[in-house]
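Asks: This is my_file-v1.pdb (PDB, C-alpha atoms and all ligand atoms).
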```
ATOM      1  CA  MET A 102       6.311   5.960 -19.789
ATOM      2  CA  THR A 103       4.327   2.781 -19.315
ATOM      3  CA  THR A 104       4.732  -0.399 -17.374
ATOM      4  CA  ARG A 105       2.330  -3.259 -17.992
ATOM      5  CA  LEU A 106       1.599  -6.301 -15.908
ATOM      6  CA  ASN A 107      -0.351  -9.052 -17.636
ATOM      7  CA  ASP A 108      -1.832 -11.786 -15.458
ATOM      8  CA  VAL A 109       1.121 -11.527 -13.087
ATOM      9  CA  SER A 110       0.964 -13.770 -10.024
ATOM     10  CA  LYS A 111       3.333 -14.982  -7.340
ATOM     11  CA  THR A 112       3.106 -18.149  -5.301
ATOM     12  CA  TYR A 113       5.877 -18.807  -2.798
ATOM     13  CA  ALA A 114       6.938 -22.436  -2.537
ATOM     14  CA  PRO A 115       6.598 -24.214   0.805
ATOM     15  CA  GLY A 116       9.507 -23.942   3.253
ATOM     16  CA  PRO A 117      12.467 -26.375   2.890
ATOM     17  CA  ARG A 118      11.007 -28.945   5.264
ATOM     18  CA  ALA A 119       7.493 -28.446   3.871
ATOM     19  CA  ARG A 120       6.293 -27.325   7.291
ATOM     20  CA  THR A 121       4.656 -24.351   5.635
ATOM     21  CA  ARG A 122       2.185 -24.478   2.753
ATOM     22  CA  SER A 123       2.727 -22.595  -0.486
ATOM     23  CA  THR A 124       1.386 -19.022  -0.313
ATOM     24  CA  THR A 125      -0.190 -17.149  -3.199
ATOM     25  CA  ALA A 126       0.909 -13.614  -2.297
ATOM     26  CA  LEU A 127      -0.386 -12.123  -5.563
ATOM     27  CA  HIS A 128      -3.273 -13.548  -7.588
ATOM     28  CA  PRO A 129      -3.256 -13.012 -11.392
ATOM     29  CA  THR A 130      -3.110  -9.240 -11.773
ATOM     30  CA  THR A 131      -3.348  -7.044 -14.858
ATOM     31  CA  LEU A 132      -2.316  -3.394 -14.400
ATOM     32  CA  THR A 133      -1.043  -0.566 -16.566
ATOM     33  CA  LEU A 134       1.118   2.001 -14.767
ATOM     34  CA  GLY A 135       1.436   5.384 -16.470
ATOM     35  CA  SER A 136       3.233   8.586 -15.455
ATOM     36  CA  GLY A 137       2.565  10.040 -12.025
ATOM     37  CA  VAL A 138       2.786   9.009  -8.404
ATOM     38  CA  ILE A 139       0.787   5.890  -7.590
ATOM     39  CA  GLY A 140       0.215   4.815  -3.995
ATOM     40  CA  LEU A 141      -0.096   1.184  -2.998
ATOM     41  CA  LEU A 142      -2.140   0.721   0.162
ATOM     42  CA  GLY A 143      -3.069  -2.432   2.000
ATOM     43  CA  PRO A 144      -2.834  -4.220   5.327
ATOM     44  CA  ASN A 145       0.188  -6.295   6.342
ATOM     45  CA  GLY A 146       0.476  -9.407   4.194
ATOM     46  CA  ALA A 147      -1.616  -7.884   1.357
ATOM     47  CA  GLY A 148       1.143  -8.546  -1.197
ATOM     48  CA  LYS A 149       2.526  -5.001  -1.579
ATOM     49  CA  THR A 150       6.200  -5.921  -1.148
ATOM     50  CA  THR A 151       5.713  -8.942  -3.396
ATOM     51  CA  LEU A 152       4.280  -6.755  -6.175
ATOM     52  CA  LEU A 153       7.100  -4.209  -5.806
ATOM     53  CA  ARG A 154       9.801  -6.921  -5.810
ATOM     54  CA  LEU A 155       8.307  -8.459  -8.954
ATOM     55  CA  LEU A 156       8.341  -5.081 -10.694
ATOM     56  CA  SER A 157      11.905  -4.391  -9.568
ATOM     57  CA  THR A 158      13.014  -7.740 -11.116
ATOM     58  CA  ALA A 159      14.304  -8.838  -7.698
ATOM     59  CA  MET A 160      12.372 -12.074  -8.291
ATOM     60  CA  PRO A 161      10.425 -13.556 -11.221
ATOM     61  CA  PRO A 162       6.631 -13.935 -11.191
ATOM     62  CA  SER A 163       5.072 -17.410 -11.072
ATOM     63  CA  THR A 164       2.900 -16.527 -14.063
ATOM     64  CA  GLY A 165       2.427 -13.605 -16.423
ATOM     65  CA  ARG A 166       4.485 -10.914 -18.130
ATOM     66  CA  ILE A 167       5.888  -7.583 -16.964
ATOM     67  CA  VAL A 168       6.894  -5.061 -19.629
ATOM     68  CA  VAL A 169       8.697  -1.811 -18.709
ATOM     69  CA  GLU A 170       8.695   0.673 -21.589
ATOM     70  CA  GLY A 171       8.653  -2.121 -24.141
ATOM     71  CA  HIS A 172      11.267  -4.284 -22.363
ATOM     72  CA  GLU A 173      10.013  -7.525 -20.917
ATOM     73  CA  THR A 174      11.546  -8.170 -17.490
ATOM     74  CA  THR A 175      10.327 -11.730 -17.782
ATOM     75  CA  GLY A 176      11.964 -12.153 -21.226
ATOM     76  CA  SER A 177      15.563 -12.733 -22.336
ATOM     77  CA  THR A 178      18.552 -11.625 -20.256
ATOM     78  CA  ALA A 179      19.134  -8.723 -22.673
ATOM     79  CA  GLU A 180      15.516  -7.582 -22.282
ATOM     80  CA  ARG A 181      15.695  -7.848 -18.492
ATOM     81  CA  THR A 182      18.944  -5.857 -18.431
ATOM     82  CA  ALA A 183      17.403  -3.157 -20.645
ATOM     83  CA  ALA A 184      14.385  -2.966 -18.304
ATOM     84  CA  ARG A 185      16.599  -2.835 -15.198
ATOM     85  CA  ARG A 186      18.375   0.248 -16.557
ATOM     86  CA  LEU A 187      15.023   2.064 -16.401
ATOM     87  CA  ILE A 188      14.171   1.024 -12.832
ATOM     88  CA  GLY A 189      15.086   2.523  -9.455
ATOM     89  CA  TYR A 190      14.161   0.469  -6.394
ATOM     90  CA  LEU A 191      14.075   1.260  -2.698
ATOM     91  CA  PRO A 192      13.533  -1.975  -0.757
ATOM     92  CA  GLN A 193      12.017  -1.898   2.722
ATOM     93  CA  GLU A 194      15.448  -2.502   4.217
ATOM     94  CA  VAL A 195      18.764  -1.606   2.646
ATOM     95  CA  VAL A 196      21.909  -3.318   3.898
ATOM     96  CA  PHE A 197      24.866  -0.941   3.607
ATOM     97  CA  PRO A 198      28.326  -2.411   2.970
ATOM     98  CA  HIS A 199      30.633  -1.973   5.946
ATOM     99  CA  GLY A 200      32.916   1.050   6.268
ATOM    100  CA  MET A 201      31.670   3.139   3.316
ATOM    101  CA  THR A 202      30.992   6.864   3.261
ATOM    102  CA  ALA A 203      27.684   8.190   1.920
ATOM    103  CA  PHE A 204      29.438   9.194  -1.313
ATOM    104  CA  GLY A 205      31.316   5.888  -1.536
ATOM    105  CA  PHE A 206      28.094   3.894  -1.143
ATOM    106  CA  LEU A 207      26.277   5.778  -3.909
ATOM    107  CA  ASP A 208      29.343   5.594  -6.161
ATOM    108  CA  TYR A 209      29.472   1.834  -5.605
ATOM    109  CA  ILE A 210      25.774   1.453  -6.520
ATOM    110  CA  ALA A 211      26.290   3.646  -9.609
ATOM    111  CA  VAL A 212      29.174   1.391 -10.701
ATOM    112  CA  LEU A 213      26.900  -1.642 -10.281
ATOM    113  CA  LYS A 214      24.407   0.195 -12.493
ATOM    114  CA  GLU A 215      27.159   0.211 -15.172
ATOM    115  CA  TRP A 216      27.928   3.911 -14.902
ATOM    116  CA  ASP A 217      31.406   3.744 -16.450
ATOM    117  CA  ARG A 218      32.570   7.351 -16.808
ATOM    118  CA  THR A 219      33.959   8.521 -13.482
ATOM    119  CA  ASP A 220      33.336  12.260 -13.931
ATOM    120  CA  SER A 221      29.675  11.942 -14.941
ATOM    121  CA  ARG A 222      29.126   9.226 -12.314
ATOM    122  CA  HIS A 223      30.522  11.433  -9.546
ATOM    123  CA  ALA A 224      28.422  14.364 -10.762
ATOM    124  CA  GLU A 225      25.316  12.160 -10.578
ATOM    125  CA  VAL A 226      26.222  10.970  -7.056
ATOM    126  CA  ARG A 227      26.624  14.590  -5.949
ATOM    127  CA  ARG A 228      23.282  15.481  -7.577
ATOM    128  CA  VAL A 229      21.281  12.808  -5.748
ATOM    129  CA  LEU A 230      23.075  13.507  -2.444
ATOM    130  CA  ALA A 231      22.041  17.167  -2.728
ATOM    131  CA  LEU A 232      18.504  16.153  -3.748
ATOM    132  CA  VAL A 233      17.956  14.229  -0.498
ATOM    133  CA  GLY A 234      19.681  16.913   1.597
ATOM    134  CA  LEU A 235      22.864  14.949   2.288
ATOM    135  CA  GLY A 236      25.262  17.120   0.268
ATOM    136  CA  GLU A 237      27.062  18.190   3.440
ATOM    137  CA  ARG A 238      27.296  14.626   4.760
ATOM    138  CA  SER A 239      28.908  13.002   1.719
ATOM    139  CA  THR A 240      32.210  12.163   3.436
ATOM    140  CA  VAL A 241      30.595  10.824   6.606
ATOM    141  CA  LYS A 242      30.690   7.058   7.200
ATOM    142  CA  VAL A 243      27.248   5.502   6.732
ATOM    143  CA  ARG A 244      27.308   4.011  10.238
ATOM    144  CA  ARG A 245      27.645   7.537  11.668
ATOM    145  CA  LEU A 246      24.510   8.793   9.901
ATOM    146  CA  SER A 247      21.215   8.972  11.787
ATOM    147  CA  GLY A 248      18.404   6.542  10.933
ATOM    148  CA  GLY A 249      16.588   9.229   8.914
ATOM    149  CA  GLN A 250      19.787  10.137   7.048
ATOM    150  CA  ARG A 251      20.416   6.466   6.187
ATOM    151  CA  ARG A 252      16.859   6.195   4.871
ATOM    152  CA  ARG A 253      17.467   9.276   2.699
ATOM    153  CA  LEU A 254      20.716   7.733   1.444
ATOM    154  CA  ALA A 255      18.745   4.612   0.519
ATOM    155  CA  ILE A 256      16.242   6.820  -1.355
ATOM    156  CA  ALA A 257      19.155   8.544  -3.122
ATOM    157  CA  GLN A 258      20.442   5.237  -4.565
ATOM    158  CA  ALA A 259      16.985   4.615  -6.059
ATOM    159  CA  LEU A 260      17.066   8.069  -7.685
ATOM    160  CA  LEU A 261      20.427   7.522  -9.443
ATOM    161  CA  GLY A 262      20.058   8.110 -13.167
ATOM    162  CA  THR A 263      16.485   9.470 -12.856
ATOM    163  CA  PRO A 264      14.690   6.150 -13.442
ATOM    164  CA  SER A 265      11.560   5.966 -15.605
ATOM    165  CA  LEU A 266      10.036   3.561 -13.086
ATOM    166  CA  LEU A 267      10.774   4.393  -9.461
ATOM    167  CA  ILE A 268       9.633   1.739  -6.982
ATOM    168  CA  LEU A 269       9.625   2.737  -3.322
ATOM    169  CA  ASP A 270       8.740   0.334  -0.512
ATOM    170  CA  GLU A 271       7.631   2.375   2.510
ATOM    171  CA  PRO A 272       9.765   5.421   1.619
ATOM    172  CA  THR A 273       8.445   7.667   4.386
ATOM    173  CA  THR A 274       9.222   5.277   7.254
ATOM    174  CA  GLY A 275      11.724   6.949   9.572
ATOM    175  CA  LEU A 276      11.391  10.413   8.016
ATOM    176  CA  ASP A 277      10.302  13.431  10.051
ATOM    177  CA  PRO A 278       7.598  15.797   8.696
ATOM    178  CA  GLU A 279      10.135  18.146   7.038
ATOM    179  CA  GLN A 280      11.889  15.252   5.324
ATOM    180  CA  ARG A 281       8.534  13.902   4.179
ATOM    181  CA  ALA A 282       7.711  17.289   2.689
ATOM    182  CA  SER A 283      11.049  17.344   0.923
ATOM    183  CA  LEU A 284      10.504  13.803  -0.440
ATOM    184  CA  ARG A 285       7.084  14.964  -1.667
ATOM    185  CA  ARG A 286       8.777  17.760  -3.624
ATOM    186  CA  ILE A 287      11.375  15.393  -5.140
ATOM    187  CA  LEU A 288       8.705  12.909  -6.239
ATOM    188  CA  SER A 289       6.406  15.579  -7.643
ATOM    189  CA  GLU A 290       9.251  16.822  -9.873
ATOM    190  CA  LEU A 291       9.930  13.394 -11.438
ATOM    191  CA  GLU A 292       8.470  12.747 -14.862
ATOM    192  CA  GLY A 293       8.166   8.961 -14.964
ATOM    193  CA  THR A 294       6.149   6.475 -12.948
ATOM    194  CA  VAL A 295       6.551   6.387  -9.192
ATOM    195  CA  LEU A 296       4.967   3.458  -7.379
ATOM    196  CA  LEU A 297       5.198   3.619  -3.612
ATOM    197  CA  SER A 298       3.811   1.417  -0.887
ATOM    198  CA  THR A 299       2.814   2.920   2.406
ATOM    199  CA  HIS A 300       0.901   2.323   5.606
ATOM    200  CA  GLN A 301       0.295   6.054   5.954
ATOM    201  CA  THR A 302      -2.923   7.128   4.316
ATOM    202  CA  GLU A 303      -1.808  10.758   4.625
ATOM    203  CA  ASP A 304       1.125   9.939   2.308
ATOM    204  CA  VAL A 305      -1.448   8.971  -0.307
ATOM    205  CA  SER A 306      -3.400  12.227  -0.027
ATOM    206  CA  ALA A 307      -0.189  14.271   0.020
ATOM    207  CA  LEU A 308       1.840  12.451  -2.630
ATOM    208  CA  CYS A 309      -0.279  10.384  -4.972
ATOM    209  CA  ASP A 310      -2.365  10.967  -8.082
ATOM    210  CA  ARG A 311      -3.722   7.444  -8.033
ATOM    211  CA  VAL A 312      -4.163   4.741  -5.496
ATOM    212  CA  VAL A 313      -4.243   0.965  -5.706
ATOM    213  CA  VAL A 314      -5.563  -0.919  -2.695
ATOM    214  CA  LEU A 315      -4.344  -4.507  -2.360
ATOM    215  CA  ASP A 316      -5.796  -7.016   0.046
ATOM    216  CA  ALA A 317      -4.999 -10.733   0.268
ATOM    217  CA  GLY A 318      -3.124 -10.550  -3.034
ATOM    218  CA  ARG A 319      -5.935  -8.933  -5.004
ATOM    219  CA  VAL A 320      -6.545  -5.395  -6.250
ATOM    220  CA  ARG A 321      -9.586  -4.083  -4.349
ATOM    221  CA  PHE A 322      -9.533  -0.524  -5.668
ATOM    222  CA  ASP A 323      -7.725   1.178  -8.513
ATOM    223  CA  GLY A 324      -8.406   4.807  -9.329
ATOM    224  CA  ALA A 325      -7.794   8.469  -8.607
ATOM    225  CA  VAL A 326      -7.496   9.549  -4.988
ATOM    226  CA  THR A 327     -10.596  11.723  -5.534
ATOM    227  CA  GLU A 328     -12.515   8.620  -6.670
ATOM    228  CA  LEU A 329     -11.488   6.781  -3.512
ATOM    229  CA  LEU A 330     -12.650   9.752  -1.426
ATOM    230  CA  ALA A 331     -15.962   9.835  -3.331
ATOM    231  CA  THR A 332     -16.710   6.252  -2.253
ATOM    232  CA  ALA A 333     -16.894   7.520   1.343
ATOM    233  CA  SER A 334     -18.827  10.739   0.843
ATOM    234  CA  ASP A 335     -21.959  10.837   3.059
ATOM    235  CA  HIS A 336     -20.598   7.898   5.056
ATOM    236  CA  VAL A 337     -18.618   9.861   7.638
ATOM    237  CA  HIS A 338     -20.369  11.802  10.419
ATOM    238  CA  VAL A 339     -19.607  13.734  13.554
ATOM    239  CA  GLY A 340     -22.206  13.854  16.312
ATOM    240  CA  PRO A 341     -22.975  13.297  19.963
ATOM    241  CA  LEU A 342     -23.569   9.549  19.414
ATOM    242  CA  GLU A 343     -21.913   6.962  17.213
ATOM    243  CA  ASN A 344     -23.627   5.916  13.972
ATOM    244  CA  GLU A 345     -25.703   2.775  14.214
ATOM    245  CA  GLY A 346     -23.627  -0.112  12.826
ATOM    246  CA  ALA A 347     -20.561   2.098  12.258
ATOM    247  CA  VAL A 348     -17.421   0.423  10.905
ATOM    248  CA  HIS A 349     -15.156   2.586  13.086
ATOM    249  CA  THR A 350     -15.848   5.258  15.693
ATOM    250  CA  TRP A 351     -13.684   7.397  17.927
ATOM    251  CA  ARG A 352     -14.169  10.374  20.216
ATOM    252  CA  THR A 353     -12.524  13.518  18.891
ATOM    253  CA  GLY A 354     -10.809  16.273  20.868
ATOM    254  CA  THR A 355     -14.079  18.257  20.921
ATOM    255  CA  GLY A 356     -15.871  15.422  22.725
ATOM    256  CA  MET A 357     -17.956  14.556  19.634
ATOM    257  CA  VAL A 358     -17.917  11.101  18.084
ATOM    258  CA  ARG A 359     -16.582  10.609  14.552
ATOM    259  CA  SER A 360     -18.208   7.645  12.805
ATOM    260  CA  VAL A 361     -17.147   5.950   9.598
ATOM    261  CA  GLY A 362     -20.026   4.035   8.004
ATOM    262  CA  GLY A 363     -23.373   3.102   9.556
ATOM    263  CA  LEU A 364     -26.584   5.105   9.965
ATOM    264  CA  PRO A 365     -26.316   8.584  11.504
ATOM    265  CA  ARG A 366     -28.329   9.317  14.659
ATOM    266  CA  PRO A 367     -30.094  12.623  15.396
ATOM    267  CA  GLY A 368     -27.662  15.531  15.720
ATOM    268  CA  ALA A 369     -24.979  13.951  13.485
ATOM    269  CA  THR A 370     -23.631  15.984  10.584
ATOM    270  CA  PRO A 371     -21.808  14.611   7.526
ATOM    271  CA  VAL A 372     -18.132  15.606   7.214
ATOM    272  CA  ALA A 373     -15.652  15.369   4.329
ATOM    273  CA  PRO A 374     -14.009  11.920   4.336
ATOM    274  CA  THR A 375     -10.249  11.457   4.486
ATOM    275  CA  VAL A 376      -8.320   8.814   2.522
ATOM    276  CA  GLU A 377      -8.131   6.857   5.776
ATOM    277  CA  ASP A 378     -11.944   6.889   6.163
ATOM    278  CA  ALA A 379     -12.398   5.682   2.585
ATOM    279  CA  TYR A 380      -9.741   3.002   3.053
ATOM    280  CA  LEU A 381     -11.365   1.726   6.271
ATOM    281  CA  LEU A 382     -14.776   1.564   4.574
ATOM    282  CA  LEU A 383     -13.344  -0.217   1.554
ATOM    283  CA  ARG A 384     -11.582  -2.767   3.759
ATOM    284  CA  HIS A 385     -14.870  -3.424   5.522
ATOM    285  CA  GLN A 386     -16.870  -3.738   2.290
ATOM    286  CA  THR A 387     -14.440  -6.054   0.510
ATOM    287  CA  ARG A 388     -13.455  -8.346   3.379
ATOM    288  CA  ASP A 389     -15.624 -11.252   2.183
ATOM    289  CA  ASP A 390     -15.457 -10.481  -1.491
ATOM    290  CA  SER A 391     -12.958 -12.586  -3.486
ATOM    291  CA  PRO A 392     -12.933 -12.017  -7.241
ATOM    292  CA  SER A 393     -10.799 -14.493  -9.153
ATOM    293  CA  ARG A 394      -8.939 -11.932 -11.236
ATOM    294  CA  ASN A 395      -7.323  -8.538 -10.800
ATOM    295  CA  GLU A 396      -7.732  -5.928 -13.456
ATOM    296  CA  GLY A 397      -6.903  -2.266 -13.389
ATOM    297  CA  VAL A 398      -5.664   0.618 -15.478
ATOM    298  CA  LEU A 399      -3.593   3.425 -14.003
ATOM    299  CA  ARG A 400      -3.122   6.412 -16.194
TER
HETATM  300  P1  LIG B 501       2.894  -6.806   2.413
HETATM  301  O1  LIG B 501       4.117  -6.153   1.826
HETATM  302  O2  LIG B 501       1.618  -6.230   1.895
HETATM  303  O3  LIG B 501       2.922  -6.839   3.927
HETATM  304  P2  LIG B 501       4.064  -9.290   1.408
HETATM  305  O4  LIG B 501       4.170  -9.169  -0.059
HETATM  306  O5  LIG B 501       5.305  -9.080   2.226
HETATM  307  O6  LIG B 501       2.878  -8.343   1.923
HETATM  308  O7  LIG B 501       3.493 -10.728   1.771
HETATM  309  C1  LIG B 501       2.329 -11.271   1.150
HETATM  310  C2  LIG B 501       2.179 -12.731   1.612
HETATM  311  O8  LIG B 501       3.261 -13.511   1.110
HETATM  312  C3  LIG B 501       2.189 -12.898   3.124
HETATM  313  O9  LIG B 501       1.298 -13.945   3.448
HETATM  314  C4  LIG B 501       3.626 -13.323   3.414
HETATM  315  O10 LIG B 501       3.682 -14.127   4.569
HETATM  316  C5  LIG B 501       3.976 -14.130   2.176
HETATM  317  N1  LIG B 501       5.404 -14.076   1.840
HETATM  318  C6  LIG B 501       6.118 -12.954   1.569
HETATM  319  N2  LIG B 501       7.403 -13.272   1.276
HETATM  320  C7  LIG B 501       7.494 -14.631   1.342
HETATM  321  C8  LIG B 501       8.563 -15.576   1.136
HETATM  322  N3  LIG B 501       9.778 -15.169   0.779
HETATM  323  N4  LIG B 501       8.271 -16.889   1.314
HETATM  324  C9  LIG B 501       7.030 -17.300   1.658
HETATM  325  N5  LIG B 501       5.976 -16.468   1.859
HETATM  326  C10 LIG B 501       6.211 -15.149   1.712
END
```
As a first step, turn the structure in this file into structure tokens.
Ligand code: ADP
Replies:
Amino acid sequence: MTTRLNDVSKTYAPGPRARTRSTTALHPTTLTLGSGVIGLLGPNGAGKTTLLRLLSTAMPPSTGRIVVEGHETTGSTAERTAARRLIGYLPQEVVFPHGMTAFGFLDYIAVLKEWDRTDSRHAEVRRVLALVGLGERSTVKVRRLSGGQRRRLAIAQALLGTPSLLILDEPTTGLDPEQRASLRRILSELEGTVLLSTHQTEDVSALCDRVVVLDAGRVRFDGAVTELLATASDHVHVGPLENEGAVHTWRTGTGMVRSVGGLPRPGATPVAPTVEDAYLLLRHQTRDDSPSRNEGVLR
């Protein structure tokens, strides 16, 4: 199960009245995505949604090739269709057609995905409804579902047909801790590639095998979560005073100061870094660094 991006970039054209300049949201990027759950981290405007939309075939790249299990999404219509059959996509916002039930919505999406046989299609709709914990709500109109239930319904449509490449844009937004835990279980049981973007660094530690950090349209880190954590070891301290030149500091509930980066002062002790600590340090270290090319391999 492999997806490859070769020198993929995206530049948005200026607005219709040319009041805005063109924006390069993703600089030429080469990545190989293998099996497992891969987290995409980055600040707002980093290019995460752009990368996910390119992979989902929602829009074509400006340059480069994307190949999903041997099918080039940027190739012929037949190739793109073959690739699309392997992809499940949860956009940041899903617009639900008016007046449909939860079951009706998923059935409609399954029809669009060319699921012709009614009995197997309905069985699949029931399977994904149960998977996201909405089995009992199948006949309820979508507008009567809570925000968290609608988000789970949106996740369910991405899971239809057990895609080889599952692309999730901010899947945990709007979910409570129990629902997050249940999503974690669903994702950990999938066999293909799951690529998810998130603002929550705890999602990365809980869900992901690998992490890609994007910033200003470039890959700043690409590796195992443990490798990201290792970049921050011996750089996080707790003590009575903040580290000299710390990147971030805050007072903890015990009254001690937690410092990320900088030189420890007397009385400070090193503590195990979290993904958030490592991410904050990385952001600080790479702010002025602008390589011309993105390269990375995700196993
Ligand atoms: P993220 O998901 O990390 O917040 P995006 O991919 O949404 O980042 O955006 C990356 C950059 O591309 C931002 O500067 C954003 O303003 C710009 N951008 C995104 N979508 C469009 C668009 N449709 N037209 C023009 N610029 C866009």
Asks: Could you give me, as a Markdown table, every chain A residue with an atom at most 10 Å from ligand LIG 501 (chain B), plus its closest atom pair and distance in Å to one decimal, counting only C-alpha atoms and all ligand atoms, rows ordered by chain then number?
Replies:
```
| residue | atom | partner | partner_atom | distance |
| --- | --- | --- | --- | --- |
| A:Lys111 | CA | B:LIG501 | O8 | 8.6 |
| A:Thr112 | CA | B:LIG501 | N5 | 7.9 |
| A:Tyr113 | CA | B:LIG501 | C9 | 4.8 |
| A:Ala114 | CA | B:LIG501 | C9 | 6.6 |
| A:Pro115 | CA | B:LIG501 | C9 | 7.0 |
| A:Gly116 | CA | B:LIG501 | C9 | 7.3 |
| A:Thr121 | CA | B:LIG501 | C9 | 8.4 |
| A:Arg122 | CA | B:LIG501 | C9 | 8.7 |
| A:Ser123 | CA | B:LIG501 | C9 | 7.2 |
| A:Thr124 | CA | B:LIG501 | N5 | 5.7 |
| A:Thr125 | CA | B:LIG501 | O8 | 6.6 |
| A:Ala126 | CA | B:LIG501 | O8 | 4.1 |
| A:Leu127 | CA | B:LIG501 | C1 | 7.3 |
| A:Leu141 | CA | B:LIG501 | O2 | 9.0 |
| A:Leu142 | CA | B:LIG501 | O2 | 8.1 |
| A:Gly143 | CA | B:LIG501 | O2 | 6.0 |
| A:Pro144 | CA | B:LIG501 | O2 | 6.0 |
| A:Asn145 | CA | B:LIG501 | O3 | 3.7 |
| A:Gly146 | CA | B:LIG501 | O6 | 3.5 |
| A:Ala147 | CA | B:LIG501 | O2 | 3.7 |
| A:Gly148 | CA | B:LIG501 | O4 | 3.3 |
| A:Lys149 | CA | B:LIG501 | O2 | 3.8 |
| A:Thr150 | CA | B:LIG501 | O1 | 3.6 |
| A:Thr151 | CA | B:LIG501 | O4 | 3.7 |
| A:Leu152 | CA | B:LIG501 | O4 | 6.6 |
| A:Leu153 | CA | B:LIG501 | O4 | 8.1 |
| A:Arg154 | CA | B:LIG501 | O4 | 8.4 |
| A:Leu155 | CA | B:LIG501 | O4 | 9.8 |
| A:Met160 | CA | B:LIG501 | N3 | 9.9 |
| A:Gln193 | CA | B:LIG501 | O1 | 9.0 |
| A:Asp270 | CA | B:LIG501 | O1 | 8.3 |
| A:Glu271 | CA | B:LIG501 | O1 | 9.2 |
| A:Ser298 | CA | B:LIG501 | O1 | 8.0 |
| A:Thr299 | CA | B:LIG501 | O1 | 9.2 |
| A:His300 | CA | B:LIG501 | O2 | 9.4 |
| A:Leu315 | CA | B:LIG501 | O2 | 7.5 |
| A:Asp316 | CA | B:LIG501 | O2 | 7.7 |
| A:Ala317 | CA | B:LIG501 | C1 | 7.4 |
| A:Gly318 | CA | B:LIG501 | C1 | 6.9 |
```
Asks: Counting all atoms listed in the file, which residues come within 10 Å of (-2.4, -4.2, -10.4), with the point read in the file's coordinates, and could you list them as a list in words?
Replies: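 Output: Arg105, Leu106, Asn107, Asp108, Val109, Leu127, His128, Pro129, Thr130, Thr131, Leu132, Thr133, Leu134, Leu141, Leu152, Val313, Val314, Leu315, Gly318, Arg319, Val320, Arg321, Phe322, Asp323, Asn395, Glu396, Gly397, Val398 and Leu399 of chain A.
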Asks: Could you please determine the separation between CA of Glu215 in chain A and CA of Arg238 in chain A in Å, to one decimal place?
Replies: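 It comes out at 24.6 Å.
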Asks: Could you state which residues are captured by the PyMOL selection byres (((chain A and resi 194-208) around 10) and not hetatm) in this file, as a ChimeraX atom specification?
Replies: /A:191-193,209-214,216,219,222-227,229-230,235-236,238-246,250-252,254-259,261,270-271
Asks: Quick one: write out the picked residues with C-alpha atoms as a compact mmCIF listing (two decimals), in the frame of the given file?
Replies:
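Contents of out-v6.txt, freshly written:
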```txt
# COMPACT_ATOMS: atom_id res chain seq x y z
CA LEU A 191 14.08 1.26 -2.70
CA PRO A 192 13.53 -1.98 -0.76
CA GLN A 193 12.02 -1.90 2.72
CA TYR A 209 29.47 1.83 -5.60
CA ILE A 210 25.77 1.45 -6.52
CA ALA A 211 26.29 3.65 -9.61
CA VAL A 212 29.17 1.39 -10.70
CA LEU A 213 26.90 -1.64 -10.28
CA LYS A 214 24.41 0.20 -12.49
CA TRP A 216 27.93 3.91 -14.90
CA THR A 219 33.96 8.52 -13.48
CA ARG A 222 29.13 9.23 -12.31
CA HIS A 223 30.52 11.43 -9.55
CA ALA A 224 28.42 14.36 -10.76
CA GLU A 225 25.32 12.16 -10.58
CA VAL A 226 26.22 10.97 -7.06
CA ARG A 227 26.62 14.59 -5.95
CA VAL A 229 21.28 12.81 -5.75
CA LEU A 230 23.08 13.51 -2.44
CA LEU A 235 22.86 14.95 2.29
CA GLY A 236 25.26 17.12 0.27
CA ARG A 238 27.30 14.63 4.76
CA SER A 239 28.91 13.00 1.72
CA THR A 240 32.21 12.16 3.44
CA VAL A 241 30.60 10.82 6.61
CA LYS A 242 30.69 7.06 7.20
CA VAL A 243 27.25 5.50 6.73
CA ARG A 244 27.31 4.01 10.24
CA ARG A 245 27.64 7.54 11.67
CA LEU A 246 24.51 8.79 9.90
CA GLN A 250 19.79 10.14 7.05
CA ARG A 251 20.42 6.47 6.19
CA ARG A 252 16.86 6.20 4.87
CA LEU A 254 20.72 7.73 1.44
CA ALA A 255 18.74 4.61 0.52
CA ILE A 256 16.24 6.82 -1.36
CA ALA A 257 19.16 8.54 -3.12
CA GLN A 258 20.44 5.24 -4.57
CA ALA A 259 16.98 4.62 -6.06
CA LEU A 261 20.43 7.52 -9.44
CA ASP A 270 8.74 0.33 -0.51
CA GLU A 271 7.63 2.38 2.51
```
Asks: List, as a short mmCIF file (atom, residue, chain, number, x, y, z; two decimals) with C-alpha atoms, keeping the file's coordinate frame, every residue that the PyMOL selection byres (((chain A and resi 373) around 12) and not hetatm) selects in the file provided.
Replies:
```
data_model
loop_
_atom_site.label_atom_id
_atom_site.label_comp_id
_atom_site.auth_asym_id
_atom_site.auth_seq_id
_atom_site.Cartn_x
_atom_site.Cartn_y
_atom_site.Cartn_z
CA THR A 327 -10.60 11.72 -5.53
CA LEU A 330 -12.65 9.75 -1.43
CA ALA A 331 -15.96 9.84 -3.33
CA THR A 332 -16.71 6.25 -2.25
CA ALA A 333 -16.89 7.52 1.34
CA SER A 334 -18.83 10.74 0.84
CA ASP A 335 -21.96 10.84 3.06
CA HIS A 336 -20.60 7.90 5.06
CA VAL A 337 -18.62 9.86 7.64
CA HIS A 338 -20.37 11.80 10.42
CA VAL A 339 -19.61 13.73 13.55
CA ARG A 359 -16.58 10.61 14.55
CA SER A 360 -18.21 7.64 12.80
CA VAL A 361 -17.15 5.95 9.60
CA THR A 370 -23.63 15.98 10.58
CA PRO A 371 -21.81 14.61 7.53
CA VAL A 372 -18.13 15.61 7.21
CA PRO A 374 -14.01 11.92 4.34
CA THR A 375 -10.25 11.46 4.49
CA VAL A 376 -8.32 8.81 2.52
CA GLU A 377 -8.13 6.86 5.78
CA ASP A 378 -11.94 6.89 6.16
CA ALA A 379 -12.40 5.68 2.58
#
```
